[in-house]
Amino acid sequence: MRTALTSLTGCRHPIVQTGMGYVAGARLAAATSRAGGLGVIGAATMSVPEMTTAIRRVKERTDAPFGVNIRADAGDAAERVEVMVREGVRVASFAMAPKRELIARLKDAGVVTIPSVGALRHAEKVAVSYT
């Protein structure tokens, strides 16, 4: 099945497993991606070293694309973005809209960025940041 989502992310099926903190670790993300969906590591509840280990575990288990979800307002968000870029993560998803610099860094590296939008004001902020 070809959709805009599958074309953008490289997954086979337009199914996204959300990055749920404490639930969506490497095992779930890898299994989802192996099955053709887009697995997402819920890294907002992980330290940077734990996130790095989770990314590497997914890469050991599958060569399918996957994503990592972080909080854009985290003090170490820029460091997390650098880890995602260095490790070749295909999709970055965010709770809360990230700063323009983070989006620019990800786009420059070819990482697809997908925000979580829970309110009109978040959508407006993201629309300005992503253009």
# chains A, B, ... in the order shown; residues from 1 in each chain; ligands from 1
call {"tool": "residues_around", "arguments": {"residues": "segment 24-34 of chain A", "least_positions_apart": "5", "cutoff": "9 Å", "atoms": "only C-alpha atoms", "output": "ChimeraX atom specification"}}
result
/A:11-12,15-19,39-43,51,53-67
call {"tool": "residues_around", "arguments": {"residues": "Val112 of chain A", "least_positions_apart": "3", "cutoff": "12 Å", "atoms": "only C-alpha atoms", "output": "ChimeraX atom specification"}}
result
/A:5-10,65-69,81,84-85,88-94,102-109,115,130
call {"tool": "closest_residue", "arguments": {"among": "A:Val83, A:Ala78, A:Ala72, A:Val117", "to": "Pro98 of chain A", "atoms": "only C-alpha atoms"}}
result
A:Ala72
call {"tool": "select_by_dssp", "arguments": {"residues": "chain A", "states": "strand (DSSP E)", "output": "PyMOL selection string"}}
result
chain A and resi 39-42+66-71+91-95+112-116
call {"tool": "write_last_selection", "arguments": {"atoms": "C-alpha atoms", "output": "PDB file, in the first residue's frame"}}
result
ATOM      1  CA  GLY A  39       7.747   1.881  15.238  1.00  0.00           C
ATOM      2  CA  VAL A  40       8.555   4.802  17.536  1.00  0.00           C
ATOM      3  CA  ILE A  41      10.744   4.704  20.636  1.00  0.00           C
ATOM      4  CA  GLY A  42       9.201   6.699  23.488  1.00  0.00           C
ATOM      5  CA  PHE A  66      11.662   3.755  12.818  1.00  0.00           C
ATOM      6  CA  GLY A  67      11.309   6.917  14.822  1.00  0.00           C
ATOM      7  CA  VAL A  68      12.151   8.412  18.180  1.00  0.00           C
ATOM      8  CA  ASN A  69       9.813  10.611  20.204  1.00  0.00           C
ATOM      9  CA  ILE A  70      11.198  13.254  22.568  1.00  0.00           C
ATOM     10  CA  ARG A  71       9.902  16.298  24.414  1.00  0.00           C
ATOM     11  CA  VAL A  91      11.717   9.940  11.892  1.00  0.00           C
ATOM     12  CA  ALA A  92      11.773  12.337  14.839  1.00  0.00           C
ATOM     13  CA  SER A  93       8.491  12.944  16.605  1.00  0.00           C
ATOM     14  CA  PHE A  94       7.915  15.525  19.270  1.00  0.00           C
ATOM     15  CA  ALA A  95       5.668  16.144  22.204  1.00  0.00           C
ATOM     16  CA  VAL A 112      11.384  13.424   8.839  1.00  0.00           C
ATOM     17  CA  THR A 113       9.870  15.456  11.684  1.00  0.00           C
ATOM     18  CA  ILE A 114       6.369  14.759  12.956  1.00  0.00           C
ATOM     19  CA  PRO A 115       4.902  16.815  15.801  1.00  0.00           C
ATOM     20  CA  SER A 116       2.168  15.768  18.197  1.00  0.00           C
TER      21      SER A 116
END
call {"tool": "closest_residue", "arguments": {"among": "A:Ala4, A:Ser47, A:Lys99, A:Thr52", "to": "Asp76 of chain A", "atoms": "only C-alpha atoms"}}
result
A:Ser47
call {"tool": "atom_distance", "arguments": {"atom1": "atom CA of Thr45 of chain A", "atom2": "atom CA of Met96 of chain A"}}
result
14.5 Å
call {"tool": "closest_residue", "arguments": {"among": "A:Arg80, A:Glu101, A:Gly110, A:Leu120", "to": "Pro49 of chain A", "atoms": "only C-alpha atoms"}}
result
A:Arg80
call {"tool": "atom_distance", "arguments": {"atom1": "atom CA of Gly37 of chain A", "atom2": "atom CA of Val23 of chain A"}}
result
16.8 Å
call {"tool": "closest_residue", "arguments": {"among": "A:His13, A:Ala44, A:Ala127, A:Arg86", "to": "Ala74 of chain A", "atoms": "only C-alpha atoms"}}
result
A:Ala44
